[in-house]
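K.L.:
Next comes input.txt, compact mmCIF, C-alpha atoms (C1' of nucleotides):
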# COMPACT_ATOMS: atom_id res chain seq x y z
CA MET A 1 12.47 41.69 -34.61
CA ASN A 2 9.28 39.89 -35.63
CA ILE A 3 9.13 36.57 -37.37
CA GLY A 4 8.74 38.17 -40.79
CA GLN A 5 11.99 40.08 -40.48
CA ALA A 6 13.71 37.06 -39.02
CA ALA A 7 12.59 35.10 -42.06
CA ASP A 8 13.99 37.79 -44.35
CA HIS A 9 17.30 37.87 -42.51
CA THR A 10 17.82 34.14 -42.48
CA GLY A 11 16.17 33.04 -45.68
CA LEU A 12 14.09 30.55 -43.72
CA PRO A 13 10.30 30.48 -44.24
CA GLU A 14 8.24 31.62 -41.26
CA LYS A 15 6.66 28.20 -41.08
CA THR A 16 10.05 26.63 -40.72
CA ILE A 17 11.07 29.02 -37.97
CA ARG A 18 7.91 28.22 -36.01
CA TYR A 19 8.62 24.57 -36.55
CA TYR A 20 12.16 24.96 -35.24
CA GLU A 21 10.74 26.61 -32.14
CA ASP A 22 8.23 23.78 -31.80
CA ILE A 23 10.96 21.17 -31.69
CA GLY A 24 13.09 23.23 -29.35
CA LEU A 25 15.89 24.37 -31.63
CA VAL A 26 15.25 28.08 -31.08
CA THR A 27 13.51 29.90 -28.27
CA PRO A 28 12.59 33.44 -29.24
CA ASN A 29 11.16 35.79 -26.63
CA ARG A 30 7.57 36.92 -26.72
CA ALA A 31 6.20 40.45 -26.82
CA ALA A 32 3.19 41.48 -24.75
CA ASN A 33 0.92 40.92 -27.75
CA GLY A 34 2.11 37.34 -28.14
CA TYR A 35 4.33 38.01 -31.14
CA ARG A 36 7.67 36.25 -31.24
CA VAL A 37 10.64 38.55 -30.76
CA PHE A 38 13.94 37.47 -32.24
CA GLY A 39 17.03 38.92 -30.60
CA GLU A 40 20.63 38.51 -31.60
CA THR A 41 21.00 35.08 -30.09
CA ALA A 42 17.91 33.67 -31.77
CA LEU A 43 18.97 35.19 -35.09
CA HIS A 44 22.38 33.61 -34.73
CA GLN A 45 20.83 30.25 -34.09
CA LEU A 46 18.56 30.59 -37.10
CA ASN A 47 21.42 31.53 -39.37
CA PHE A 48 23.34 28.60 -38.05
CA LEU A 49 20.42 26.30 -38.73
CA ALA A 50 19.89 27.67 -42.21
CA LYS A 51 23.51 27.05 -43.12
CA ALA A 52 23.84 23.66 -41.51
CA ARG A 53 20.56 22.41 -42.98
CA GLY A 54 21.68 23.77 -46.33
CA LEU A 55 24.73 21.57 -46.02
CA GLY A 56 22.48 18.60 -45.44
CA PHE A 57 22.97 18.14 -41.71
CA SER A 58 19.95 16.47 -40.16
CA ILE A 59 17.89 18.24 -37.53
CA GLU A 60 19.44 16.03 -34.88
CA ASP A 61 22.92 16.86 -36.16
CA CYS A 62 21.94 20.50 -35.93
CA ARG A 63 20.74 20.04 -32.40
CA ASN A 64 24.11 18.54 -31.47
CA LEU A 65 26.05 21.19 -33.34
CA LEU A 66 24.09 23.97 -31.67
CA ALA A 67 24.80 22.43 -28.28
CA LEU A 68 28.49 22.30 -29.14
CA TYR A 69 28.28 25.83 -30.40
CA ASP A 70 26.88 26.99 -27.08
CA ASP A 71 29.50 25.03 -25.18
CA THR A 72 32.52 27.31 -25.14
CA ALA A 73 34.61 24.47 -23.75
CA ARG A 74 33.87 22.05 -26.59
CA SER A 75 36.71 20.49 -28.47
CA SER A 76 36.92 20.96 -32.19
CA ALA A 77 37.28 17.17 -32.45
CA ASP A 78 33.64 16.74 -31.42
CA VAL A 79 32.49 18.97 -34.23
CA LYS A 80 34.82 17.41 -36.73
CA ALA A 81 33.49 13.94 -35.90
CA ILE A 82 29.94 14.97 -36.75
CA ALA A 83 31.09 16.61 -39.97
CA LYS A 84 33.14 13.58 -40.91
CA ALA A 85 30.25 11.20 -40.43
CA HIS A 86 28.10 13.48 -42.51
CA VAL A 87 30.61 13.58 -45.35
CA ALA A 88 30.64 9.79 -45.35
CA THR A 89 26.85 9.74 -45.61
CA ILE A 90 26.97 12.18 -48.50
CA ASP A 91 29.61 10.14 -50.28
CA GLN A 92 27.48 7.04 -49.96
CA LYS A 93 24.48 8.83 -51.42
CA ILE A 94 26.54 10.10 -54.33
CA ILE A 95 27.75 6.58 -55.06
CA GLU A 96 24.21 5.20 -55.03
CA LEU A 97 22.85 7.98 -57.20
CA SER A 98 25.67 7.55 -59.68
CA ALA A 99 24.94 3.85 -59.96
CA MET A 100 21.27 4.62 -60.64
CA ARG A 101 22.22 7.17 -63.19
CA ASP A 102 24.51 4.77 -65.01
CA THR A 103 21.92 2.02 -65.12
CA LEU A 104 19.25 4.36 -66.37
CA SER A 105 21.30 6.01 -69.04
CA HIS A 106 22.44 2.60 -70.20
CA LEU A 107 18.80 1.56 -70.54
CA MET A 108 17.92 4.80 -72.28
CA LYS A 109 20.72 4.36 -74.76
CA HIS A 110 19.06 1.16 -75.93
CA CYS A 111 15.59 2.63 -76.12
CA ALA A 112 14.58 3.96 -79.52
CA GLY A 113 12.15 6.43 -77.95
CA ASP A 114 9.87 6.24 -80.94
CA ASN A 115 6.21 5.37 -81.42
CA ARG A 116 6.70 1.64 -81.43
CA PRO A 117 5.63 -0.27 -78.34
CA ASP A 118 8.84 -2.17 -77.79
CA CYS A 119 10.74 -0.55 -74.94
CA PRO A 120 13.99 -1.93 -73.53
CA ILE A 121 13.51 0.05 -70.33
CA LEU A 122 10.26 -1.67 -69.47
CA ASN A 123 11.60 -4.98 -70.69
CA GLU A 124 14.48 -4.74 -68.28
CA LEU A 125 12.36 -3.56 -65.37
CA SER A 126 9.93 -6.40 -65.84
CA GLN A 127 12.63 -9.05 -65.43
CA GLY A 128 12.23 -11.07 -62.23
CA LYS A 129 14.75 -10.52 -59.48
CA MET B 1 1.40 -17.71 -53.20
CA ASN B 2 0.99 -15.97 -49.85
CA ILE B 3 2.49 -12.65 -48.91
CA GLY B 4 5.46 -14.24 -47.20
CA GLN B 5 6.54 -16.07 -50.34
CA ALA B 6 5.87 -12.99 -52.43
CA ALA B 7 8.15 -11.05 -50.12
CA ASP B 8 10.85 -13.70 -50.53
CA HIS B 9 10.51 -13.69 -54.30
CA THR B 10 10.64 -9.93 -54.69
CA GLY B 11 12.89 -8.86 -51.86
CA LEU B 12 10.18 -6.45 -50.70
CA PRO B 13 9.11 -6.49 -47.03
CA GLU B 14 5.57 -7.70 -46.40
CA LYS B 15 4.69 -4.32 -44.94
CA THR B 16 5.73 -2.64 -48.13
CA ILE B 17 3.68 -5.03 -50.26
CA ARG B 18 0.58 -4.34 -48.17
CA TYR B 19 1.30 -0.66 -48.52
CA TYR B 20 1.58 -0.97 -52.29
CA GLU B 21 -1.80 -2.66 -52.32
CA ASP B 22 -3.19 0.10 -50.10
CA ILE B 23 -2.22 2.78 -52.58
CA GLY B 24 -3.45 0.74 -55.51
CA LEU B 25 -0.20 -0.31 -57.15
CA VAL B 26 -0.89 -4.02 -56.87
CA THR B 27 -4.14 -5.92 -56.49
CA PRO B 28 -3.57 -9.47 -55.33
CA ASN B 29 -6.50 -11.86 -55.16
CA ARG B 30 -7.89 -13.09 -51.87
CA ALA B 31 -8.31 -16.64 -50.67
CA ALA B 32 -11.43 -17.75 -48.78
CA ASN B 33 -9.65 -17.19 -45.48
CA GLY B 34 -8.85 -13.59 -46.36
CA TYR B 35 -5.20 -14.22 -47.13
CA ARG B 36 -3.72 -12.39 -50.09
CA VAL B 37 -2.92 -14.62 -53.05
CA PHE B 38 -0.23 -13.46 -55.43
CA GLY B 39 -0.45 -14.82 -58.95
CA GLU B 40 1.94 -14.32 -61.81
CA THR B 41 0.66 -10.88 -62.68
CA ALA B 42 0.90 -9.54 -59.14
CA LEU B 43 4.39 -11.00 -58.79
CA HIS B 44 5.43 -9.35 -62.00
CA GLN B 45 4.15 -6.03 -60.77
CA LEU B 46 5.98 -6.42 -57.48
CA ASN B 47 9.24 -7.25 -59.21
CA PHE B 48 8.75 -4.27 -61.44
CA LEU B 49 8.15 -2.05 -58.44
CA ALA B 50 11.15 -3.41 -56.56
CA LYS B 51 13.44 -2.68 -59.51
CA ALA B 52 12.01 0.71 -60.37
CA ARG B 53 12.03 1.89 -56.76
CA GLY B 54 15.55 0.60 -56.45
CA LEU B 55 16.45 2.88 -59.33
CA GLY B 56 14.96 5.77 -57.45
CA PHE B 57 11.74 6.20 -59.40
CA SER B 58 9.07 7.78 -57.22
CA ILE B 59 5.87 5.93 -56.43
CA GLU B 60 4.02 8.13 -58.88
CA ASP B 61 6.62 7.42 -61.56
CA CYS B 62 6.11 3.74 -60.84
CA ARG B 63 2.37 4.13 -61.16
CA ASN B 64 2.84 5.70 -64.58
CA LEU B 65 5.39 3.15 -65.65
CA LEU B 66 3.13 0.30 -64.58
CA ALA B 67 0.27 1.79 -66.57
CA LEU B 68 2.53 2.03 -69.59
CA TYR B 69 3.69 -1.50 -68.96
CA ASP B 70 0.11 -2.71 -69.03
CA ASP B 71 -0.62 -0.73 -72.16
CA THR B 72 0.61 -2.93 -74.96
CA ALA B 73 0.12 -0.07 -77.40
CA ARG B 74 2.36 2.34 -75.50
CA SER B 75 5.17 4.05 -77.32
CA SER B 76 8.68 3.65 -76.02
CA ALA B 77 8.96 7.45 -76.19
CA ASP B 78 6.55 7.77 -73.26
CA VAL B 79 8.70 5.56 -71.12
CA LYS B 80 11.90 7.21 -72.23
CA ALA B 81 10.51 10.62 -71.29
CA ILE B 82 9.89 9.51 -67.70
CA ALA B 83 13.32 7.95 -67.49
CA LYS B 84 14.94 11.06 -68.93
CA ALA B 85 13.25 13.35 -66.42
CA HIS B 86 14.36 11.03 -63.67
CA VAL B 87 17.97 11.07 -64.82
CA ALA B 88 17.86 14.86 -64.79
CA THR B 89 16.57 14.80 -61.21
CA ILE B 90 19.33 12.42 -60.20
CA ASP B 91 21.97 14.58 -61.86
CA GLN B 92 20.72 17.60 -59.99
CA LYS B 93 20.90 15.76 -56.69
CA ILE B 94 24.43 14.60 -57.42
CA ILE B 95 25.46 18.17 -58.16
CA GLU B 96 23.98 19.43 -54.91
CA LEU B 97 25.51 16.67 -52.85
CA SER B 98 28.90 17.22 -54.43
CA ALA B 99 28.75 20.90 -53.56
CA MET B 100 27.90 20.05 -49.94
CA ARG B 101 30.70 17.56 -49.83
CA ASP B 102 33.21 20.05 -51.15
CA THR B 103 32.19 22.73 -48.69
CA LEU B 104 32.33 20.34 -45.77
CA SER B 105 35.65 18.79 -46.62
CA HIS B 106 37.08 22.24 -47.13
CA LEU B 107 35.91 23.19 -43.65
CA MET B 108 37.23 19.97 -42.21
CA LYS B 109 40.62 20.51 -43.75
CA HIS B 110 40.94 23.68 -41.73
CA CYS B 111 39.77 22.15 -38.49
CA ALA B 112 42.50 20.84 -36.22
CA GLY B 113 40.17 18.31 -34.64
CA ASP B 114 41.99 18.51 -31.35
CA ASN B 115 40.94 19.31 -27.81
CA ARG B 116 41.02 23.05 -28.21
CA PRO B 117 37.71 24.85 -28.40
CA ASP B 118 38.43 26.82 -31.56
CA CYS B 119 36.63 25.19 -34.46
CA PRO B 120 36.61 26.62 -37.99
CA ILE B 121 33.53 24.57 -38.86
CA LEU B 122 31.39 26.19 -36.20
CA ASN B 123 32.95 29.55 -36.88
CA GLU B 124 31.93 29.33 -40.49
CA LEU B 125 28.46 28.04 -39.75
CA SER B 126 27.83 30.84 -37.31
CA GLN B 127 28.48 33.53 -39.90
CA GLY B 128 25.36 35.47 -40.83
CA LYS B 129 23.89 34.90 -44.25
C1' DC C 1 -4.63 -29.64 -28.42
C1' DT C 2 -1.49 -26.50 -28.17
C1' DT C 3 2.56 -24.20 -29.87
C1' DG C 4 4.53 -21.53 -33.28
C1' DA C 5 4.54 -19.56 -37.68
C1' DC C 6 1.88 -16.96 -40.69
C1' DC C 7 -1.73 -14.02 -41.85
C1' DT C 8 -5.26 -10.08 -41.09
C1' DT C 9 -6.58 -5.03 -40.02
C1' DC C 10 -5.88 -0.77 -37.83
C1' DC C 11 -3.46 2.95 -35.65
C1' DA C 12 0.67 5.58 -34.79
C1' DT C 13 5.19 7.23 -36.06
C1' DT C 14 9.04 8.63 -38.84
C1' DA C 15 11.64 13.60 -41.21
C1' DA C 16 11.13 18.01 -41.98
C1' DC C 17 8.40 20.62 -43.13
C1' DT C 18 4.14 22.83 -45.86
C1' DG C 19 -0.71 24.41 -46.53
C1' DG C 20 -4.61 26.33 -44.92
C1' DA C 21 -8.30 27.82 -41.76
C1' DA C 22 -9.89 30.92 -38.17
C1' DG C 23 -9.04 34.77 -35.82
C1' DG C 24 -6.35 38.66 -33.18
C1' DA C 25 -2.96 42.86 -33.86
C1' DT C 26 -0.95 46.46 -36.36
C1' DT C 27 -0.25 49.65 -39.99
C1' DA C 28 -1.57 52.26 -44.13
C1' DT C 29 -4.84 54.52 -46.66
C1' DA C 30 -9.21 57.03 -47.61
C1' DT D 1 -12.17 57.52 -37.73
C1' DA D 2 -13.22 53.68 -40.53
C1' DT D 3 -11.63 50.12 -43.02
C1' DA D 4 -8.63 47.47 -45.69
C1' DA D 5 -4.27 45.26 -46.09
C1' DT D 6 -0.70 43.11 -43.87
C1' DC D 7 1.27 40.58 -40.17
C1' DC D 8 0.90 37.70 -36.47
C1' DT D 9 -1.11 33.74 -33.64
C1' DT D 10 -2.56 28.66 -32.94
C1' DC D 11 -4.16 24.38 -34.51
C1' DC D 12 -5.14 20.65 -37.70
C1' DA D 13 -4.12 18.07 -41.78
C1' DG D 14 -1.21 16.50 -45.49
C1' DT D 15 3.18 15.30 -47.69
C1' DT D 16 6.72 10.62 -49.00
C1' DA D 17 7.27 6.01 -48.55
C1' DA D 18 7.14 3.30 -45.72
C1' DT D 19 7.84 1.09 -40.73
C1' DG D 20 6.47 -0.59 -35.94
C1' DG D 21 3.39 -2.64 -33.12
C1' DA D 22 -0.99 -4.25 -31.07
C1' DA D 23 -4.87 -7.36 -31.21
C1' DG D 24 -6.50 -11.14 -33.11
C1' DG D 25 -7.73 -14.92 -36.86
C1' DT D 26 -5.66 -19.26 -39.40
C1' DC D 27 -2.90 -23.05 -40.33
C1' DA D 28 0.54 -26.94 -40.03
C1' DA D 29 3.27 -29.92 -36.94
C1' DG D 30 3.84 -32.82 -33.12
So, in terms of structure tokens, how does the structure I just supplied come out?

P.N.:
Amino acid sequence: MNIGQAADHTGLPEKTIRYYEDIGLVTPNRAANGYRVFGETALHQLNFLAKARGLGFSIEDCRNLLALYDDTARSSADVKAIAKAHVATIDQKIIELSAMRDTLSHLMKHCAGDNRPDCPILNELSQGK
Amino acid sequence: MNIGQAADHTGLPEKTIRYYEDIGLVTPNRAANGYRVFGETALHQLNFLAKARGLGFSIEDCRNLLALYDDTARSSADVKAIAKAHVATIDQKIIELSAMRDTLSHLMKHCAGDNRPDCPILNELSQGK
DNA sequence: CTTGACCTTCCATTAACTGGAAGGATTATA
DNA sequence: TATAATCCTTCCAGTTAATGGAAGGTCAAG
């Protein structure tokens, strides 16, 4: 399977697949003409990457998860630890974003949004620390 | 005021302040010895930037907001439009993160997290698209 | 007068790609 | 068979918003 098909099967852009090879996450074979050839293993890895990245795991997380995936003797605890840390990171981000959202919508509620120059949003932002 | 004091007053690292000057967000004066000199205006801008960035506005948003801030004839509607778009972006991110979180905690709930090699998280991630 | 703190510029790196150029290989069409 | 369209290759640069560090100038204290 060439890179185009691999892209279709995984939903990953070709560029991204080449990049993943570059950084050593996947190692497709090569045909005589230099084209990458993706076998079952490589496809599996790409699907794995697509899913894990879609869930927000970092590339380094993915590298670790792939290593665990290849290690048939791994313990599920190792995987769970990575997932747990990731959930905590996500929760933190959600908290921060929610705080931003609240502050902003509070400011917006007090902004007339008309043609006059007075703007509570800018007024607030221009306050010193 | 030198860059060190400016950093103290705004909470921004010196590196970041230099960077903001680089990309044209702030234009401090220069003393005879080449040191940056931050007057009231520059300090105001830096405080503005620190707050707006803290609320997640992008650098380009900040550039626009600063321009509006300098424009005494601006309408509050212009500012509100930027803020509104930003809130929508934040909401979208929160939705995506929440979905990730749900998927992951669902997977984790089904993972024993013990020493056995069977791991529902990896099993799920290894499923084809 | 020298030590340490503070300042300068410049270059490289981060994360995770994305865009595009230049050119070789393959496939479809005329 | 010619050629055009598509697919593939590598390599270089750019993105966001800084951050790290080197090499070196300046200043204030003792």

K.L.:
How close does chain C get to chain A? List, as a tab-separated table, each residue of chain C within 10 Å, its nearest atom pair and the distance in Å to one decimal, counting all atoms listed in the file.

P.N.:
residue	atom	partner	partner_atom	distance
C:DA15	C1'	A:Ile59	CA	8.6
C:DA16	C1'	A:Ile59	CA	8.1
C:DC17	C1'	A:Thr16	CA	6.7
C:DT18	C1'	A:Lys15	CA	7.6
C:DG19	C1'	A:Lys15	CA	9.9
C:DG24	C1'	A:Asn33	CA	9.4
C:DA25	C1'	A:Asn33	CA	7.5

K.L.:
Would you put the residues from that selection into a file with C-alpha atoms (C1' of nucleotides), as a compact mmCIF listing (two decimals), in the frame of the given file?

P.N.:
# COMPACT_ATOMS: atom_id res chain seq x y z
C1' DA C 15 11.64 13.60 -41.21
C1' DA C 16 11.13 18.01 -41.98
C1' DC C 17 8.40 20.62 -43.13
C1' DT C 18 4.14 22.83 -45.86
C1' DG C 19 -0.71 24.41 -46.53
C1' DG C 24 -6.35 38.66 -33.18
C1' DA C 25 -2.96 42.86 -33.86

K.L.:
Return as a Markdown table the residues of chain A lying at most 12 Å from chain D, together with the closest atom-to-atom pair for each and the distance in Å to one decimal, counting all atoms listed in the file, with rows in chain order and ascending residue number.

P.N.:
| residue | atom | partner | partner_atom | distance |
| --- | --- | --- | --- | --- |
| A:Asn2 | CA | D:DC8 | C1' | 8.7 |
| A:Ile3 | CA | D:DC8 | C1' | 8.4 |
| A:Gly4 | CA | D:DC7 | C1' | 7.9 |
| A:Gln5 | CA | D:DC7 | C1' | 10.7 |
| A:Glu14 | CA | D:DC8 | C1' | 10.7 |
| A:Arg18 | CA | D:DT9 | C1' | 10.8 |
| A:Asp22 | CA | D:DT10 | C1' | 11.9 |
| A:Arg30 | CA | D:DT9 | C1' | 11.5 |
| A:Ala31 | CA | D:DC8 | C1' | 11.3 |
| A:Asn33 | CA | D:DC8 | C1' | 9.3 |
| A:Gly34 | CA | D:DT9 | C1' | 7.3 |
| A:Tyr35 | CA | D:DC8 | C1' | 6.3 |
| A:Arg36 | CA | D:DC8 | C1' | 8.7 |
| A:Val37 | CA | D:DC8 | C1' | 11.3 |

K.L.:
Hey, can you check how far atom CA of Gly11 of chain A sits from atom CA of Leu43 of chain A?

P.N.:
11.2 Å

K.L.:
Can you tell me which residues surround segment 114-124 of chain A at a distance of at most 6 Å, considering only C-alpha atoms (C1' of nucleotides), apart from same-chain residues fewer than 6 positions away, and format the answer as a VMD selection string?

P.N.:
(chain A and resid 107) or (chain B and resid 73 to 77)

K.L.:
Nearest to chain B among A:Leu66, A:Asp8, A:Asn47, A:Lys109, with distances taken over only C-alpha atoms: which residue is it?

P.N.:
A:Asn47

K.L.:
So that I can see what lies close to Arg101 of chain A, please list as a list in words the residues with an atom at most 8 Å from it, counting only C-alpha atoms (C1' of nucleotides) and leaving out residues fewer than 2 positions away in the same chain.

P.N.:
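The contact residues come out as Leu97, Ser98, Ala99, Thr103, Leu104 and Ser105 of chain A; Val87, Ile90 and Asp91 of chain B.
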
K.L.:
Let me see the file: selected residues, C-alpha atoms, as a short mmCIF file (atom, residue, chain, number, x, y, z; two decimals), in the frame of the given file.

P.N.:
data_model
loop_
_atom_site.label_atom_id
_atom_site.label_comp_id
_atom_site.auth_asym_id
_atom_site.auth_seq_id
_atom_site.Cartn_x
_atom_site.Cartn_y
_atom_site.Cartn_z
CA LEU A 97 22.85 7.98 -57.20
CA SER A 98 25.67 7.55 -59.68
CA ALA A 99 24.94 3.85 -59.96
CA THR A 103 21.92 2.02 -65.12
CA LEU A 104 19.25 4.36 -66.37
CA SER A 105 21.30 6.01 -69.04
CA VAL B 87 17.97 11.07 -64.82
CA ILE B 90 19.33 12.42 -60.20
CA ASP B 91 21.97 14.58 -61.86
#

K.L.:
One decimal, Å: what's the distance from atom CA of His110 of chain A over to atom CA of Ile95 of chain B, could you say?

P.N.:
25.4 Å
